[in-house]
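Undergrad: Contents of model.txt (compact mmCIF, C-alpha atoms) are below:
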# COMPACT_ATOMS: atom_id res chain seq x y z
CA MET A 272 107.16 133.49 171.37
CA TYR A 273 105.36 130.24 170.64
CA ASN A 274 101.54 130.50 170.87
CA GLY A 275 100.94 126.96 172.11
CA ILE A 276 98.53 125.99 169.32
CA MET A 277 99.60 122.61 167.94
CA THR A 278 96.80 122.02 165.41
CA TYR A 279 98.69 123.26 162.37
CA TYR A 280 102.01 121.52 163.06
CA ASN A 281 102.97 118.16 161.62
CA ALA A 282 103.76 115.04 163.64
CA SER A 283 107.52 115.64 163.68
CA GLN A 284 107.11 119.21 164.87
CA ARG A 285 104.74 118.17 167.64
CA ARG A 286 107.04 115.37 168.76
CA TYR A 287 110.16 117.53 168.91
CA ILE A 288 108.33 120.36 170.66
CA GLN A 289 107.51 117.82 173.38
CA LEU A 290 111.23 117.09 173.64
CA PHE A 291 112.02 120.80 173.85
CA SER A 292 109.30 121.22 176.49
CA ARG A 293 111.36 119.17 178.95
CA TYR A 294 113.48 122.30 179.33
CA VAL A 295 111.25 125.21 178.27
CA ASP A 296 107.54 125.88 178.70
CA ALA A 297 106.57 126.28 175.05
CA ASP A 298 103.44 128.24 175.97
CA ASN A 299 105.11 131.13 177.79
CA GLY A 300 108.85 130.68 177.18
CA GLU A 301 109.73 130.03 180.83
CA ILE A 302 112.91 127.96 181.15
CA LEU A 303 112.25 124.99 183.46
CA HIS A 304 115.78 123.60 183.77
CA LYS A 305 118.55 125.55 185.53
CA GLY A 306 121.40 123.87 183.68
CA PHE A 307 119.67 124.46 180.38
CA GLU A 308 119.18 128.12 181.29
CA ARG A 309 122.90 128.52 182.05
CA ASP A 310 123.90 126.88 178.78
CA VAL A 311 121.49 129.05 176.78
CA ARG A 312 122.85 132.18 178.43
CA LYS A 313 126.43 131.18 177.60
CA LEU A 314 125.51 130.57 173.96
CA ARG A 315 123.76 133.92 173.71
CA GLU A 316 126.73 135.68 175.22
CA SER A 317 129.08 133.94 172.79
CA SER A 318 127.22 135.34 169.76
CA ILE A 319 126.99 132.13 167.74
CA GLU A 320 126.97 132.54 163.97
CA LEU A 321 124.65 131.06 161.36
CA SER A 322 127.40 128.70 160.20
CA ASP A 323 127.46 127.18 163.68
CA SER A 324 123.84 126.08 163.28
CA LYS A 325 124.89 123.68 160.51
CA ALA A 326 127.83 122.15 162.35
CA ILE A 327 125.92 119.19 163.72
CA ILE A 328 124.52 118.41 160.27
CA LYS A 329 127.68 118.80 158.26
CA GLY A 330 129.85 117.07 160.84
CA LYS A 331 132.70 119.46 160.12
CA ASP A 332 132.97 120.85 163.63
CA PRO A 333 131.13 118.60 166.10
CA THR A 334 132.75 120.43 169.01
CA SER A 335 131.24 123.81 168.15
CA PRO A 336 129.35 125.37 171.09
CA LEU A 337 125.98 124.87 169.42
CA GLY A 338 126.87 121.34 168.34
CA GLU A 339 127.82 120.42 171.92
CA PHE A 340 124.58 121.98 173.16
CA MET A 341 122.50 119.92 170.70
CA ILE A 342 124.25 116.71 171.69
CA LYS A 343 124.03 117.42 175.44
CA TYR A 344 120.24 117.84 175.33
CA HIS A 345 119.65 115.09 172.76
CA PHE A 346 118.25 117.43 170.12
CA PRO A 347 118.40 115.76 166.67
CA TYR A 348 119.80 117.53 163.61
CA ALA A 349 116.22 118.08 162.40
CA MET A 350 115.96 120.73 165.15
CA VAL A 351 119.07 122.74 164.22
CA ASP A 352 117.25 125.71 162.68
CA PHE A 353 114.69 125.70 165.48
CA VAL A 354 117.36 125.71 168.22
CA TYR A 355 119.45 128.33 166.42
CA SER A 356 116.41 130.63 166.19
CA TYR A 357 115.63 130.09 169.86
CA ILE A 358 119.18 130.90 170.94
CA THR A 359 119.64 133.95 168.75
CA ASN A 360 116.11 135.44 168.69
CA ASP A 361 114.44 133.92 171.76
CA THR A 362 111.78 132.64 169.35
CA ILE A 363 109.99 129.29 169.61
CA ASP A 364 108.93 128.48 166.06
CA PRO A 365 107.92 124.83 165.48
CA LEU A 366 107.72 125.45 161.73
CA LEU A 367 111.52 125.48 161.69
CA ILE A 368 111.58 121.82 162.82
CA LYS A 369 112.08 119.32 160.01
CA SER A 370 111.24 115.62 160.02
CA GLY A 371 114.84 114.49 159.56
CA MET A 372 113.71 112.24 156.71
CA PHE A 373 115.07 112.42 153.18
CA LEU A 374 113.72 111.32 149.83
CA VAL A 375 116.86 110.82 147.75
CA SER A 376 117.25 110.60 143.98
CA GLU A 377 120.85 109.56 143.34
CA LYS A 378 120.65 109.73 139.54
CA ASP A 379 120.13 113.48 139.47
CA HIS A 380 121.75 114.23 142.87
CA SER A 381 118.63 115.74 144.40
CA ALA A 382 116.72 115.18 147.61
CA ALA A 383 113.72 116.41 149.56
CA GLY A 384 114.26 116.93 153.26
CA LEU A 385 115.74 119.54 155.56
CA GLY A 386 116.09 122.45 153.16
CA ARG A 387 114.22 123.95 150.26
CA GLU A 388 116.73 123.28 147.47
CA PRO A 389 116.93 119.67 146.13
CA ARG A 390 120.68 119.91 145.47
CA MET A 391 121.43 121.31 148.94
CA ASN A 392 119.34 118.54 150.49
CA PHE A 393 121.35 115.97 148.57
CA ASN A 394 124.61 117.48 149.85
CA LEU A 395 123.31 117.30 153.42
CA TYR A 396 122.25 113.68 152.85
CA GLU A 397 125.71 112.86 151.48
CA GLN A 398 127.40 114.42 154.51
CA LEU A 399 125.24 112.39 156.88
CA ARG A 400 125.62 109.18 154.86
CA THR A 401 129.41 109.34 154.87
CA ARG A 402 129.82 109.96 158.61
CA GLY A 403 130.23 106.25 159.16
CA GLY A 404 132.73 105.91 156.31
CA LYS A 405 132.55 106.08 152.55
CA SER A 406 130.06 103.84 150.80
CA LYS A 407 129.55 103.18 147.13
CA PRO A 408 126.68 105.29 145.76
CA LYS A 409 123.80 103.44 144.11
CA SER A 410 121.33 104.52 141.47
CA GLU A 411 118.29 104.48 143.71
CA LEU A 412 115.25 106.52 144.60
CA LYS A 413 114.94 105.93 148.31
CA LEU A 414 113.49 107.08 151.61
CA ILE A 415 115.83 107.73 154.55
CA ILE A 416 114.16 107.42 157.97
CA PRO A 417 116.08 108.41 161.12
CA SER A 418 115.63 106.61 164.41
CA GLY A 419 112.50 107.48 166.37
CA VAL A 420 110.26 108.51 163.47
CA LYS A 421 106.69 107.24 163.71
CA LEU A 422 104.61 105.66 160.94
CA ASN A 423 102.26 108.62 160.68
CA GLU A 424 105.25 110.94 160.21
CA VAL A 425 106.51 108.80 157.32
CA LYS A 426 103.07 108.82 155.69
CA GLU A 427 102.79 112.57 156.08
CA PHE A 428 106.28 113.14 154.67
CA LEU A 429 105.52 110.96 151.65
CA GLU A 430 102.17 112.65 151.03
CA ILE A 431 103.83 116.07 151.02
CA ASN A 432 106.63 115.04 148.65
CA TRP A 433 105.04 112.34 146.48
CA GLY A 434 103.62 114.59 143.78
CA LYS A 435 106.38 117.20 143.61
CA PHE A 436 109.45 115.00 144.14
CA VAL A 437 108.85 111.24 143.75
CA GLN A 438 106.54 111.00 140.74
CA PRO A 439 108.56 113.36 138.49
CA ARG A 440 111.64 111.18 139.05
CA MET A 441 110.12 107.69 138.78
CA LYS A 442 110.81 107.39 135.05
CA GLN A 443 114.54 107.73 135.71
CA TYR A 444 114.40 104.45 137.63
CA SER A 445 112.18 102.39 135.34
CA THR A 446 113.72 99.21 133.93
CA PRO A 447 112.71 96.74 131.21
CA LEU A 448 111.40 94.48 133.98
CA ALA A 449 109.32 97.19 135.65
CA ALA A 450 105.73 96.09 136.12
CA PRO A 451 103.03 97.75 133.98
CA ASN A 452 100.56 100.09 135.62
CA ARG A 453 98.06 97.37 136.38
CA ARG A 454 99.01 93.99 137.78
CA ILE A 455 97.89 91.02 135.71
CA ARG A 456 97.79 87.69 137.52
CA PRO A 457 95.74 85.36 135.31
CA ARG A 458 94.17 82.54 137.31
CA ASN A 459 93.27 80.82 134.05
CA SER A 460 96.25 78.60 133.29
CA ARG A 461 94.77 77.81 129.86
CA MET A 462 94.87 81.50 129.00
CA ALA A 463 98.51 81.75 130.13
CA ARG A 464 99.40 78.72 128.01
CA THR A 465 97.62 80.29 125.06
CA VAL A 466 99.61 83.50 125.49
CA LEU A 467 102.90 81.59 125.60
CA ARG A 468 101.91 79.47 122.59
CA LEU A 469 101.09 82.53 120.49
CA LYS A 470 104.26 84.24 121.72
CA ALA A 471 106.27 81.20 120.61
CA LYS A 472 104.74 81.56 117.14
CA GLY A 473 106.21 85.04 116.94
CA TRP A 474 103.01 86.99 117.42
CA LYS A 475 103.33 90.57 118.60
CA HIS A 476 101.86 91.44 121.98
CA SER A 477 99.19 93.65 120.45
CA LYS A 478 98.00 90.79 118.21
CA ILE A 479 98.05 88.36 121.16
CA ALA A 480 95.97 90.83 123.18
CA THR A 481 93.34 90.97 120.43
CA GLN A 482 93.14 87.16 120.35
CA ILE A 483 92.98 86.80 124.14
CA ASN A 484 90.32 89.48 124.46
CA ARG A 485 88.20 87.73 121.85
CA GLU A 486 88.70 84.21 123.23
CA PHE A 487 88.56 84.96 126.96
CA ASN A 488 86.41 88.11 127.02
CA LYS A 489 89.21 90.33 128.37
CA THR A 490 90.31 93.93 127.76
CA TYR A 491 94.08 93.41 127.82
CA ASN A 492 96.60 95.54 125.95
CA SER A 493 100.16 94.78 124.83
CA ASN A 494 101.62 95.77 128.22
CA ASP A 495 99.28 93.32 129.98
CA ILE A 496 100.39 90.53 127.64
CA GLY A 497 104.00 91.37 128.36
CA GLN A 498 103.37 90.97 132.08
CA ILE A 499 101.58 87.64 131.59
CA VAL A 500 104.55 86.38 129.58
CA PHE A 501 107.01 87.56 132.22
CA ARG A 502 105.09 86.00 135.11
CA ALA A 503 104.45 82.74 133.32
CA ARG A 504 108.12 82.34 132.43
CA HIS A 505 109.16 83.09 136.00
CA ASN A 506 106.51 80.85 137.60
CA ASP A 507 104.91 83.78 139.43
Is it possible to express this structure as structure tokens?

TA:
Amino acid sequence: MYNGIMTYYNASQRRYIQLFSRYVDADNGEILHKGFERDVRKLRESSIELSDSKAIIKGKDPTSPLGEFMIKYHFPYAMVDFVYSYITNDTIDPLLIKSGMFLVSEKDHSAAGLGREPRMNFNLYEQLRTRGGKSKPKSELKLIIPSGVKLNEVKEFLEINWGKFVQPRMKQYSTPLAAPNRRIRPRNSRMARTVLRLKAKGWKHSKIATQINREFNKTYNSNDIGQIVFRARHND
């Protein structure tokens, strides 16, 4: 049974345990709701299978007994594994609760989210995305946030997945107009005019950087000059 210690659980797990606690005392396992108790007993007697626990996610059989149970008690799909474990093993394990968020990389068909495997997560994301009808896929690296998620949950989810999922994929989404690592916003309009004048003469960015550094006491490189040219031409 659940030991009642919340310290080591993330924000999503704590929030959904509070939802579950409307019906079950998470400290001692006592069921607090008669209707809930009857429904749990029926599910246990029906011997639900592991495939049933994915029905509400995949949307293939929304009228499965477990799917109907999840919908009736307003349990989100992020709680599927948790509820399945409770029904089948009488175990309250908050670690089985996911955030419901996805980080999706459409170029390599991978995602971070409910499961452990990036490709499986992408398939789950695709199934959820197409419930409302087919939509044209885009080449994007994006964050999917379900209704009800709090800001601290988003921050925590990003912190967990930033290094192992987001950063390794960022290069796939870089474009010729992507900003350099540091943002250059020269307040000196004379310097910007000088950069554009030298650029018009056909100077390379590295040579312009050397001249600007000498004339204006800067430490710019060719990437910085490229950004100055871009911003000056676009009136940024």

Undergrad: What lies within 6 Å of A:Ala349 using only C-alpha atoms, ignoring chain neighbours under 6 positions off, as a list in words?

TA: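 Returned residues: Ile368, Lys369 and Gly371 of chain A.
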
Undergrad: Compare A:Phe428, A:Tyr348, A:Tyr294, A:Phe340 by their minimum atom-to-atom distance to A:Lys313, counting all atoms listed in the file, and give me the closest one.

TA: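 Checking each of A:Phe428, A:Tyr348, A:Tyr294, A:Phe340 against A:Lys313, counting all atoms listed in the file, the winner is A:Phe340.
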
Undergrad: Stretch 306-310 of chain A: which residues within 12 Å, counting all atoms listed in the file, same-chain residues fewer than 5 positions away excluded, as a PyMOL selection string?

TA: chain A and resi 291-295+300-301+315-317+336-337+339-341+343-344+358

Undergrad: Using all atoms listed in the file, which residue out of A:Tyr287, A:Phe373, A:Tyr396, A:Phe436 lies closest to A:Phe346?

TA: A:Tyr287

Undergrad: To one decimal place in Å, what is the distance between atom CA of A:Asp352 and atom CA of A:Lys305?

TA: 22.9 Å
